[in-house]
file input_17.txt (compact mmCIF, C-alpha atoms and all ligand atoms)
# COMPACT_ATOMS: atom_id res chain seq x y z
CA MET A 1 107.86 62.70 -23.26
CA THR A 2 107.35 62.14 -26.99
CA THR A 3 106.21 58.79 -28.33
CA ALA A 4 109.58 58.37 -30.06
CA ILE A 5 111.55 58.67 -26.79
CA ASN A 6 109.00 56.59 -25.01
CA SER A 7 109.19 53.84 -27.57
CA VAL A 8 113.00 53.65 -27.37
CA GLU A 9 112.79 53.23 -23.60
CA LEU A 10 110.05 50.65 -23.93
CA ARG A 11 112.10 48.70 -26.45
CA SER A 12 115.05 48.68 -24.08
CA ILE A 13 112.86 47.34 -21.25
CA ALA A 14 111.37 44.71 -23.58
CA GLU A 15 114.89 43.61 -24.59
CA GLY A 16 116.00 43.49 -20.95
CA ALA A 17 112.95 41.46 -19.93
CA ALA A 18 113.39 38.96 -22.79
CA HIS A 19 117.11 38.67 -22.10
CA SER A 20 116.49 38.09 -18.39
CA VAL A 21 115.18 34.55 -19.06
CA GLY A 22 117.99 33.57 -21.46
CA ASP A 23 120.19 31.73 -18.95
CA TYR A 24 117.18 30.03 -17.40
CA LEU A 25 115.93 28.74 -20.78
CA ARG A 26 119.36 27.56 -21.91
CA LYS A 27 119.76 25.58 -18.67
CA ALA A 28 116.24 24.13 -18.73
CA PHE A 29 116.40 23.13 -22.44
CA ARG A 30 116.69 19.35 -22.96
CA GLY A 31 116.35 18.76 -19.22
CA VAL A 32 113.61 16.82 -17.45
CA MET A 33 110.40 18.84 -17.37
CA ASN A 34 106.72 18.46 -16.58
CA VAL A 35 104.59 18.78 -19.68
CA ASP A 36 100.86 19.45 -19.43
CA GLN A 37 98.29 19.73 -22.20
CA LYS A 38 96.20 22.89 -22.23
CA ARG A 39 93.50 22.59 -24.89
CA ASP A 40 94.74 19.34 -26.48
CA GLN A 41 97.91 17.53 -27.55
CA HIS A 42 98.82 20.42 -29.87
CA ASP A 43 98.88 22.91 -27.02
CA LEU A 44 101.52 22.19 -24.37
CA VAL A 45 102.81 24.03 -21.33
CA THR A 46 105.70 23.34 -18.94
CA GLU A 47 106.71 24.73 -15.57
CA HIS A 48 109.35 26.70 -17.48
CA ASP A 49 106.72 28.65 -19.48
CA ARG A 50 105.13 29.74 -16.18
CA ALA A 51 108.43 30.47 -14.41
CA CYS A 52 109.72 32.60 -17.31
CA GLU A 53 106.48 34.54 -17.54
CA GLU A 54 106.80 35.34 -13.82
CA MET A 55 110.41 36.47 -14.22
CA ILE A 56 109.53 38.62 -17.23
CA SER A 57 106.53 40.15 -15.45
CA THR A 58 108.62 41.02 -12.39
CA TYR A 59 111.25 42.67 -14.62
CA ILE A 60 108.65 44.69 -16.52
CA ARG A 61 106.87 45.87 -13.35
CA GLU A 62 110.19 46.98 -11.88
CA HIS A 63 111.11 48.99 -14.97
CA ASN A 64 107.64 50.19 -16.00
CA PRO A 65 105.51 50.70 -12.90
CA GLY A 66 101.84 50.55 -13.83
CA ALA A 67 102.42 48.10 -16.68
CA ILE A 68 99.31 46.21 -17.81
CA LEU A 69 100.49 42.64 -18.36
CA PHE A 70 98.92 40.28 -20.87
CA GLY A 71 100.78 36.98 -20.81
CA GLU A 72 99.93 33.69 -22.47
CA GLU A 73 100.00 31.73 -19.22
CA ALA A 74 98.71 34.19 -16.59
CA GLY A 75 96.24 36.12 -18.76
CA ARG A 76 95.58 39.82 -18.40
CA ILE A 77 96.63 41.58 -15.20
CA ASP A 78 95.23 45.10 -15.09
CA ALA A 79 97.03 48.15 -13.77
CA GLU A 80 96.89 51.88 -14.48
CA GLY A 81 98.97 51.67 -17.68
CA PRO A 82 99.38 53.30 -20.13
CA ALA A 83 101.51 50.50 -21.63
CA THR A 84 100.12 47.00 -22.24
CA TRP A 85 102.77 44.28 -22.43
CA TYR A 86 101.99 41.16 -24.50
CA ILE A 87 104.22 38.37 -23.20
CA ASP A 88 104.90 34.97 -24.70
CA PRO A 89 107.53 33.47 -22.38
CA ILE A 90 108.26 30.58 -24.77
CA ASP A 91 106.97 30.78 -28.32
CA GLY A 92 107.54 27.32 -29.71
CA THR A 93 106.82 25.31 -26.57
CA SER A 94 106.48 22.05 -28.57
CA ASN A 95 110.01 22.54 -29.92
CA PHE A 96 111.27 23.36 -26.42
CA VAL A 97 109.65 20.18 -25.06
CA GLN A 98 111.11 18.04 -27.86
CA GLY A 99 114.63 19.45 -27.67
CA LEU A 100 114.41 21.33 -30.98
CA ALA A 101 116.44 24.54 -30.67
CA PHE A 102 113.91 26.85 -32.35
CA PHE A 103 111.93 28.83 -29.80
CA CYS A 104 111.98 32.35 -28.44
CA CYS A 105 110.65 34.77 -25.91
CA SER A 106 108.36 37.44 -27.38
CA ILE A 107 107.35 40.75 -25.78
CA GLY A 108 105.27 43.41 -27.54
CA VAL A 109 104.29 46.77 -26.05
CA GLU A 110 101.11 48.64 -26.90
CA VAL A 111 100.31 52.26 -26.05
CA GLU A 112 97.01 53.90 -27.03
CA GLY A 113 96.04 50.99 -29.26
CA GLU A 114 99.30 50.86 -31.23
CA ILE A 115 102.28 48.55 -30.89
CA VAL A 116 105.21 50.90 -30.24
CA ALA A 117 108.02 48.55 -29.21
CA GLY A 118 108.90 44.88 -29.16
CA ALA A 119 111.60 42.31 -28.57
CA VAL A 120 111.92 38.72 -29.72
CA TYR A 121 114.84 36.85 -28.17
CA ASP A 122 116.18 33.53 -29.44
CA PRO A 123 118.20 32.28 -26.46
CA MET A 124 119.89 29.37 -28.25
CA ALA A 125 121.29 31.50 -31.09
CA ASP A 126 121.60 34.52 -28.76
CA ASN A 127 119.79 36.70 -31.29
CA MET A 128 117.80 39.71 -30.08
CA PHE A 129 115.35 41.07 -32.66
CA SER A 130 113.71 44.31 -31.58
CA ALA A 131 111.98 47.43 -32.83
CA ASP A 132 110.97 50.91 -31.74
CA ALA A 133 109.55 53.98 -33.47
CA ASN A 134 112.91 54.58 -35.19
CA GLY A 135 113.48 51.18 -36.75
CA ALA A 136 114.23 47.50 -36.27
CA TYR A 137 117.38 45.94 -34.85
CA LEU A 138 119.20 42.63 -34.70
CA ASN A 139 121.58 42.51 -31.74
CA GLY A 140 121.59 46.31 -31.64
CA GLU A 141 122.42 46.77 -35.34
CA THR A 142 119.86 48.28 -37.70
CA LEU A 143 117.86 45.57 -39.43
CA LYS A 144 116.57 46.00 -43.00
CA THR A 145 114.68 43.23 -44.75
CA ASN A 146 116.15 42.02 -48.05
CA PRO A 147 113.91 41.89 -51.11
CA ALA A 148 111.97 38.62 -51.36
CA LEU A 149 112.80 36.13 -54.12
CA PRO A 150 110.22 35.42 -56.85
CA ALA A 151 107.51 33.00 -55.67
CA GLY A 152 108.80 29.84 -57.40
CA ALA A 153 112.25 30.31 -55.87
CA ALA A 154 111.07 31.46 -52.46
CA THR A 155 110.66 29.80 -49.09
CA VAL A 156 107.59 30.12 -46.89
CA ILE A 157 107.41 29.30 -43.20
CA THR A 158 103.94 28.37 -42.04
CA GLY A 159 102.08 27.27 -38.97
CA TYR A 160 99.52 24.58 -39.60
CA PRO A 161 96.08 25.44 -38.21
CA THR A 162 94.04 22.48 -37.00
CA ALA A 163 90.30 22.36 -37.67
CA LYS A 164 89.84 23.27 -34.01
CA ASP A 165 92.05 26.35 -34.41
CA LEU A 166 89.90 27.48 -37.33
CA GLU A 167 86.66 26.46 -35.62
CA ILE A 168 85.59 24.49 -38.68
CA ASP A 169 84.83 20.79 -39.26
CA GLY A 170 87.59 18.59 -40.64
CA ASP A 171 91.16 19.31 -41.72
CA GLU A 172 90.51 19.26 -45.49
CA PHE A 173 90.36 23.02 -45.86
CA ALA A 174 93.66 23.68 -44.06
CA LEU A 175 95.30 20.79 -45.91
CA GLY A 176 94.18 22.33 -49.22
CA VAL A 177 95.83 25.63 -48.29
CA PHE A 178 98.98 23.80 -47.21
CA ASN A 179 98.97 21.87 -50.50
CA SER A 180 98.91 25.12 -52.50
CA LEU A 181 102.00 26.33 -50.63
CA VAL A 182 103.85 23.06 -51.29
CA THR A 183 103.03 23.31 -55.01
CA ASP A 184 103.83 27.00 -55.54
CA PHE A 185 106.87 27.64 -53.34
CA SER A 186 110.40 26.34 -53.68
CA SER A 187 110.25 25.10 -50.09
CA VAL A 188 107.79 25.07 -47.22
CA ARG A 189 108.91 24.94 -43.59
CA ARG A 190 106.84 24.42 -40.48
CA THR A 191 109.15 25.67 -37.77
CA GLY A 192 106.87 25.76 -34.70
CA SER A 193 107.49 29.33 -33.54
CA GLY A 194 105.45 32.03 -35.25
CA ALA A 195 107.35 34.93 -33.65
CA LEU A 196 110.79 33.61 -34.52
CA SER A 197 109.69 32.71 -38.05
CA LEU A 198 108.46 36.27 -38.63
CA CYS A 199 111.80 37.60 -37.36
CA HIS A 200 113.54 35.30 -39.85
CA VAL A 201 111.54 37.02 -42.58
CA ALA A 202 112.51 40.42 -41.12
CA ALA A 203 116.17 39.37 -41.24
CA GLY A 204 115.85 38.12 -44.84
CA TRP A 205 116.66 34.53 -43.78
CA THR A 206 113.47 33.35 -45.38
CA ASP A 207 111.19 35.05 -47.91
CA SER A 208 107.74 34.78 -46.42
CA ALA A 209 105.55 33.48 -43.61
CA PHE A 210 101.93 32.52 -43.17
CA GLY A 211 100.11 31.84 -39.91
CA ALA A 212 96.46 31.27 -39.19
CA SER A 213 96.03 30.72 -35.45
CA VAL A 214 97.92 33.19 -33.34
CA ASN A 215 97.32 35.54 -30.43
CA ALA A 216 98.60 39.00 -29.55
CA TRP A 217 101.40 37.56 -27.40
CA ASP A 218 102.61 35.48 -30.39
CA VAL A 219 102.77 38.21 -33.01
CA SER A 220 102.72 41.74 -31.58
CA ALA A 221 106.50 42.07 -31.25
CA ALA A 222 107.43 40.26 -34.47
CA MET A 223 104.80 42.12 -36.50
CA PHE A 224 106.37 45.39 -35.39
CA VAL A 225 109.92 44.14 -36.08
CA ILE A 226 109.07 43.11 -39.63
CA ARG A 227 107.20 46.34 -40.42
CA GLN A 228 109.95 48.52 -38.97
CA ALA A 229 112.53 46.52 -40.96
CA GLY A 230 110.70 47.41 -44.20
CA GLY A 231 108.87 44.12 -44.76
CA THR A 232 105.13 43.58 -45.18
CA TYR A 233 102.89 42.12 -42.47
CA GLN A 234 99.25 41.84 -43.43
CA ASP A 235 96.87 40.44 -40.87
CA ILE A 236 94.02 37.99 -41.36
CA ARG A 237 90.86 38.95 -39.50
CA TYR A 238 87.90 36.64 -39.60
CA SER A 239 85.39 39.23 -38.42
CA GLU A 240 84.94 42.95 -37.75
CA GLU A 241 84.97 42.31 -34.00
CA GLN A 242 88.54 41.11 -34.05
CA GLY A 243 89.81 44.51 -33.11
CA HIS A 244 93.27 45.78 -32.45
CA ASP A 245 93.35 44.99 -28.77
CA HIS A 246 93.73 41.30 -29.48
CA LEU A 247 95.55 41.71 -32.80
CA ALA A 248 94.39 39.46 -35.61
CA PRO A 249 94.52 35.65 -35.44
CA GLY A 250 96.39 35.25 -38.72
CA TYR A 251 98.95 36.87 -41.02
CA ILE A 252 100.89 36.76 -44.24
CA ALA A 253 104.31 38.42 -44.23
CA TYR A 254 107.13 38.88 -46.72
CA GLY A 255 110.16 40.92 -47.68
CA PRO A 256 110.07 44.03 -49.92
CA GLY A 257 108.87 43.45 -53.46
CA GLY A 258 107.36 40.09 -52.50
CA ASP A 259 104.72 38.97 -54.99
CA PHE A 260 102.98 35.88 -53.62
CA PRO A 261 99.54 35.29 -55.16
CA THR A 262 99.33 31.93 -53.31
CA LEU A 263 99.63 33.68 -49.95
CA ILE A 264 97.09 36.33 -50.93
CA LYS A 265 94.67 33.62 -52.06
CA ALA A 266 95.26 31.60 -48.86
CA ARG A 267 94.43 34.72 -46.84
CA GLU A 268 91.26 35.41 -48.85
CA ASP A 269 90.14 31.77 -48.69
CA LEU A 270 90.58 31.68 -44.92
CA ILE A 271 88.48 34.79 -44.48
CA LYS A 272 85.77 33.47 -46.83
CA ASN A 273 85.76 30.04 -45.23
CA ARG A 274 85.20 31.48 -41.78
CA GLN A 275 82.36 33.72 -42.98
CA ARG A 276 80.32 30.77 -44.21
C1 LIG B 301 102.50 28.63 -31.01
C2 LIG B 301 103.58 28.84 -32.06
C3 LIG B 301 103.20 28.15 -33.35
C4 LIG B 301 101.88 28.67 -33.89
C5 LIG B 301 100.80 28.51 -32.83
C6 LIG B 301 101.22 29.21 -31.53
P1 LIG B 301 103.29 28.51 -28.41
O1 LIG B 301 102.83 29.28 -29.79
O2 LIG B 301 103.81 30.19 -32.34
O3 LIG B 301 104.18 28.39 -34.35
O4 LIG B 301 101.54 27.95 -35.05
O5 LIG B 301 99.60 29.04 -33.32
O6 LIG B 301 100.20 29.03 -30.56
O7 LIG B 301 102.08 27.77 -27.90
O8 LIG B 301 104.41 27.62 -28.72
O9 LIG B 301 103.62 29.66 -27.53
CA CA B 302 101.10 27.82 -25.99
CA CA B 303 103.17 31.45 -28.84
CA CA B 304 104.01 30.22 -25.45

call {"tool": "encode", "arguments": {"input": "input_17.txt", "output": "structure tokens", "more": "lines below"}}
Ligand code: IPD
Ligand code: CA
Ligand code: CA
Ligand code: CA
result
Amino acid sequence: MTTAINSVELRSIAEGAAHSVGDYLRKAFRGVMNVDQKRDQHDLVTEHDRACEEMISTYIREHNPGAILFGEEAGRIDAEGPATWYIDPIDGTSNFVQGLAFFCCSIGVEVEGEIVAGAVYDPMADNMFSADANGAYLNGETLKTNPALPAGAATVITGYPTAKDLEIDGDEFALGVFNSLVTDFSSVRRTGSGALSLCHVAAGWTDSAFGASVNAWDVSAAMFVIRQAGGTYQDIRYSEEQGHDHLAPGYIAYGPGGDFPTLIKAREDLIKNRQR
């Protein structure tokens, strides 16, 4: 089996797995739920995150026997492979808890150290973003990223890293970076789902995105979608050890032709700040 055929099949399984929790999430949204804090008040989990991860894992195991699973809630579950599945059952849990309809299910697939397929499903808008070796897709149609607007006219979607996320003292540094975005872009949005925001860049619905505290389950699928759609995704690694198997903890991303010195500087400053 060639990688190309393999990756098409893997994409189809990723789409099926993400789609399999759509009805569940739509029903659970805005209902009564148990909310627990994981690390702190910025890091929430509900019974629905865990239930969806279980459903997704069952689906993947059925369709890809031997799958190595790496989910946000259950951690890594080893098997013979060769595919590793990065699963974020709900990316944007805070939005889901609040009743804000901007969250998604994200599933990225890695083979031999490379992401080869991915699916990001927005159950409220019923949008399936996906990618394989041949390209990127939105609801099955080929997806090509539009050119980005010039910086002063462009929009950036960002996550806001806390001092704890960055493992530094105080929020001043991150606030300074945020301030530079507010000054230099036409508009700044903090949407609360890194994966869905990146897919909005891939679809040309926003010009750029910047995130500084993510994990492989957050970004593996969306990174692949945006690259396969012709956009740029550049990671932010704070050290040499942050190898591919965990993907990098940060990113800047934009549409073709994007020229965003503020994002490039933010990326460089983050790397420098962490090296001190
Ligand atoms: C979070 C979201 C958020 C990003 C955080 C992630 P979760 O994922 O993607 O946009 O800023 O770093 O942890 O916890 O909602 O799955
Ligand atoms: Ca989380
Ligand atoms: Ca996430
Ligand atoms: Ca999550």

call {"tool": "residues_near_ligand", "arguments": {"input": "input_17.txt", "ligand": "ligand CA 303 (chain B)", "cutoff": "10 Å", "atoms": "only C-alpha atoms and all ligand atoms", "output": "compact mmCIF listing (two decimals) with C-alpha atoms, keeping the file's coordinate frame"}}
result
# COMPACT_ATOMS: atom_id res chain seq x y z
CA ASP A 43 98.88 22.91 -27.02
CA GLU A 72 99.93 33.69 -22.47
CA ILE A 87 104.22 38.37 -23.20
CA ASP A 88 104.90 34.97 -24.70
CA PRO A 89 107.53 33.47 -22.38
CA ILE A 90 108.26 30.58 -24.77
CA ASP A 91 106.97 30.78 -28.32
CA GLY A 92 107.54 27.32 -29.71
CA THR A 93 106.82 25.31 -26.57
CA SER A 94 106.48 22.05 -28.57
CA PHE A 103 111.93 28.83 -29.80
CA CYS A 104 111.98 32.35 -28.44
CA CYS A 105 110.65 34.77 -25.91
CA SER A 106 108.36 37.44 -27.38
CA GLY A 192 106.87 25.76 -34.70
CA SER A 193 107.49 29.33 -33.54
CA GLY A 194 105.45 32.03 -35.25
CA ALA A 195 107.35 34.93 -33.65
CA LEU A 196 110.79 33.61 -34.52
CA SER A 213 96.03 30.72 -35.45
CA VAL A 214 97.92 33.19 -33.34
CA ASN A 215 97.32 35.54 -30.43
CA ALA A 216 98.60 39.00 -29.55
CA TRP A 217 101.40 37.56 -27.40
CA ASP A 218 102.61 35.48 -30.39
CA VAL A 219 102.77 38.21 -33.01

call {"tool": "residues_near_point", "arguments": {"input": "input_17.txt", "point": "(116.1, 40.9, -42.6)", "cutoff": "8 Å", "atoms": "only C-alpha atoms", "output": "MDAnalysis selection string"}}
result
chainID A and resid 143:146 199:205 226 229 255

call {"tool": "write_last_selection", "arguments": {"input": "input_17.txt", "atoms": "C-alpha atoms", "output": "compact mmCIF listing (two decimals), in the frame of the given file"}}
result
# COMPACT_ATOMS: atom_id res chain seq x y z
CA LEU A 143 117.86 45.57 -39.43
CA LYS A 144 116.57 46.00 -43.00
CA THR A 145 114.68 43.23 -44.75
CA ASN A 146 116.15 42.02 -48.05
CA CYS A 199 111.80 37.60 -37.36
CA HIS A 200 113.54 35.30 -39.85
CA VAL A 201 111.54 37.02 -42.58
CA ALA A 202 112.51 40.42 -41.12
CA ALA A 203 116.17 39.37 -41.24
CA GLY A 204 115.85 38.12 -44.84
CA TRP A 205 116.66 34.53 -43.78
CA ILE A 226 109.07 43.11 -39.63
CA ALA A 229 112.53 46.52 -40.96
CA GLY A 255 110.16 40.92 -47.68

call {"tool": "residues_around", "arguments": {"input": "input_17.txt", "residues": "Leu270 (chain A)", "least_positions_apart": "4", "cutoff": "12 Å", "atoms": "all atoms listed in the file", "output": "PyMOL selection string"}}
result
chain A and resi 161+163+165-168+173-178+210-213+235-239+249-252+263-266+274-276

call {"tool": "write_last_selection", "arguments": {"input": "input_17.txt", "atoms": "C-alpha atoms", "output": "PDB file, keeping the file's coordinate frame"}}
result
ATOM      1  CA  PRO A 161      96.080  25.440 -38.210  1.00  0.00           C
ATOM      2  CA  ALA A 163      90.300  22.360 -37.670  1.00  0.00           C
ATOM      3  CA  ASP A 165      92.050  26.350 -34.410  1.00  0.00           C
ATOM      4  CA  LEU A 166      89.900  27.480 -37.330  1.00  0.00           C
ATOM      5  CA  GLU A 167      86.660  26.460 -35.620  1.00  0.00           C
ATOM      6  CA  ILE A 168      85.590  24.490 -38.680  1.00  0.00           C
ATOM      7  CA  PHE A 173      90.360  23.020 -45.860  1.00  0.00           C
ATOM      8  CA  ALA A 174      93.660  23.680 -44.060  1.00  0.00           C
ATOM      9  CA  LEU A 175      95.300  20.790 -45.910  1.00  0.00           C
ATOM     10  CA  GLY A 176      94.180  22.330 -49.220  1.00  0.00           C
ATOM     11  CA  VAL A 177      95.830  25.630 -48.290  1.00  0.00           C
ATOM     12  CA  PHE A 178      98.980  23.800 -47.210  1.00  0.00           C
ATOM     13  CA  PHE A 210     101.930  32.520 -43.170  1.00  0.00           C
ATOM     14  CA  GLY A 211     100.110  31.840 -39.910  1.00  0.00           C
ATOM     15  CA  ALA A 212      96.460  31.270 -39.190  1.00  0.00           C
ATOM     16  CA  SER A 213      96.030  30.720 -35.450  1.00  0.00           C
ATOM     17  CA  ASP A 235      96.870  40.440 -40.870  1.00  0.00           C
ATOM     18  CA  ILE A 236      94.020  37.990 -41.360  1.00  0.00           C
ATOM     19  CA  ARG A 237      90.860  38.950 -39.500  1.00  0.00           C
ATOM     20  CA  TYR A 238      87.900  36.640 -39.600  1.00  0.00           C
ATOM     21  CA  SER A 239      85.390  39.230 -38.420  1.00  0.00           C
ATOM     22  CA  PRO A 249      94.520  35.650 -35.440  1.00  0.00           C
ATOM     23  CA  GLY A 250      96.390  35.250 -38.720  1.00  0.00           C
ATOM     24  CA  TYR A 251      98.950  36.870 -41.020  1.00  0.00           C
ATOM     25  CA  ILE A 252     100.890  36.760 -44.240  1.00  0.00           C
ATOM     26  CA  LEU A 263      99.630  33.680 -49.950  1.00  0.00           C
ATOM     27  CA  ILE A 264      97.090  36.330 -50.930  1.00  0.00           C
ATOM     28  CA  LYS A 265      94.670  33.620 -52.060  1.00  0.00           C
ATOM     29  CA  ALA A 266      95.260  31.600 -48.860  1.00  0.00           C
ATOM     30  CA  ARG A 274      85.200  31.480 -41.780  1.00  0.00           C
ATOM     31  CA  GLN A 275      82.360  33.720 -42.980  1.00  0.00           C
ATOM     32  CA  ARG A 276      80.320  30.770 -44.210  1.00  0.00           C
TER      33      ARG A 276
END

call {"tool": "axis_aligned_box", "arguments": {"input": "input_17.txt", "around": "ligand LIG 301 (chain B)", "padding_each_side": "5 Å", "output": "lines of an AutoDock Vina configuration file"}}
result
center_x = 102.0
center_y = 28.9
center_z = -31.3
size_x = 14.8
size_y = 12.6
size_z = 17.5

call {"tool": "closest_residue", "arguments": {"input": "input_17.txt", "among": "A:Leu247, A:Val156, A:Val97, A:Val225", "to": "Thr262 (chain A)", "atoms": "all atoms listed in the file"}}
result
A:Val156

call {"tool": "residues_around", "arguments": {"input": "input_17.txt", "residues": "region 123-128 of chain A", "least_positions_apart": "5", "cutoff": "9 Å", "atoms": "all atoms listed in the file", "output": "VMD selection string"}}
result
chain A and resid 15 18 to 19 21 to 23 25 to 26 101 to 105 137 to 140

call {"tool": "build_atoms", "arguments": {"input": "input_17.txt", "residues": "region 3-20 of chain A", "atoms": "N, CA and C atoms", "output": "PDB file, in the coordinates of the input"}}
result
ATOM      1  N   THR A   3     106.373  60.223 -28.100  1.00  0.00           N
ATOM      2  CA  THR A   3     106.210  58.790 -28.330  1.00  0.00           C
ATOM      3  C   THR A   3     107.531  58.164 -28.756  1.00  0.00           C
ATOM      4  N   ALA A   4     108.323  58.930 -29.565  1.00  0.00           N
ATOM      5  CA  ALA A   4     109.580  58.370 -30.060  1.00  0.00           C
ATOM      6  C   ALA A   4     110.510  58.017 -28.896  1.00  0.00           C
ATOM      7  N   ILE A   5     110.669  58.945 -27.933  1.00  0.00           N
ATOM      8  CA  ILE A   5     111.550  58.670 -26.790  1.00  0.00           C
ATOM      9  C   ILE A   5     110.972  57.518 -25.979  1.00  0.00           C
ATOM     10  N   ASN A   6     109.691  57.623 -25.764  1.00  0.00           N
ATOM     11  CA  ASN A   6     109.000  56.590 -25.010  1.00  0.00           C
ATOM     12  C   ASN A   6     109.234  55.208 -25.611  1.00  0.00           C
ATOM     13  N   SER A   7     109.106  55.138 -26.918  1.00  0.00           N
ATOM     14  CA  SER A   7     109.190  53.840 -27.570  1.00  0.00           C
ATOM     15  C   SER A   7     110.604  53.267 -27.485  1.00  0.00           C
ATOM     16  N   VAL A   8     111.613  54.126 -27.509  1.00  0.00           N
ATOM     17  CA  VAL A   8     113.000  53.650 -27.370  1.00  0.00           C
ATOM     18  C   VAL A   8     113.196  53.049 -25.972  1.00  0.00           C
ATOM     19  N   GLU A   9     112.683  53.740 -24.980  1.00  0.00           N
ATOM     20  CA  GLU A   9     112.790  53.230 -23.600  1.00  0.00           C
ATOM     21  C   GLU A   9     112.033  51.909 -23.447  1.00  0.00           C
ATOM     22  N   LEU A  10     110.851  51.868 -24.034  1.00  0.00           N
ATOM     23  CA  LEU A  10     110.050  50.650 -23.930  1.00  0.00           C
ATOM     24  C   LEU A  10     110.738  49.476 -24.629  1.00  0.00           C
ATOM     25  N   ARG A  11     111.351  49.763 -25.759  1.00  0.00           N
ATOM     26  CA  ARG A  11     112.100  48.700 -26.450  1.00  0.00           C
ATOM     27  C   ARG A  11     113.224  48.175 -25.557  1.00  0.00           C
ATOM     28  N   SER A  12     113.928  49.107 -24.914  1.00  0.00           N
ATOM     29  CA  SER A  12     115.050  48.680 -24.080  1.00  0.00           C
ATOM     30  C   SER A  12     114.569  47.819 -22.902  1.00  0.00           C
ATOM     31  N   ILE A  13     113.407  48.168 -22.343  1.00  0.00           N
ATOM     32  CA  ILE A  13     112.860  47.340 -21.250  1.00  0.00           C
ATOM     33  C   ILE A  13     112.429  45.971 -21.804  1.00  0.00           C
ATOM     34  N   ALA A  14     111.796  45.985 -22.969  1.00  0.00           N
ATOM     35  CA  ALA A  14     111.370  44.710 -23.580  1.00  0.00           C
ATOM     36  C   ALA A  14     112.588  43.814 -23.833  1.00  0.00           C
ATOM     37  N   GLU A  15     113.665  44.398 -24.355  1.00  0.00           N
ATOM     38  CA  GLU A  15     114.890  43.610 -24.590  1.00  0.00           C
ATOM     39  C   GLU A  15     115.428  43.055 -23.268  1.00  0.00           C
ATOM     40  N   GLY A  16     115.481  43.922 -22.248  1.00  0.00           N
ATOM     41  CA  GLY A  16     116.000  43.490 -20.950  1.00  0.00           C
ATOM     42  C   GLY A  16     115.172  42.352 -20.364  1.00  0.00           C
ATOM     43  N   ALA A  17     113.844  42.480 -20.486  1.00  0.00           N
ATOM     44  CA  ALA A  17     112.950  41.460 -19.930  1.00  0.00           C
ATOM     45  C   ALA A  17     113.137  40.129 -20.676  1.00  0.00           C
ATOM     46  N   ALA A  18     113.224  40.194 -22.007  1.00  0.00           N
ATOM     47  CA  ALA A  18     113.390  38.960 -22.790  1.00  0.00           C
ATOM     48  C   ALA A  18     114.753  38.324 -22.489  1.00  0.00           C
ATOM     49  N   HIS A  19     115.764  39.165 -22.372  1.00  0.00           N
ATOM     50  CA  HIS A  19     117.110  38.670 -22.100  1.00  0.00           C
ATOM     51  C   HIS A  19     117.211  38.050 -20.713  1.00  0.00           C
ATOM     52  N   SER A  20     116.385  38.541 -19.789  1.00  0.00           N
ATOM     53  CA  SER A  20     116.490  38.090 -18.390  1.00  0.00           C
ATOM     54  C   SER A  20     116.164  36.604 -18.216  1.00  0.00           C
TER      55      SER A  20
END
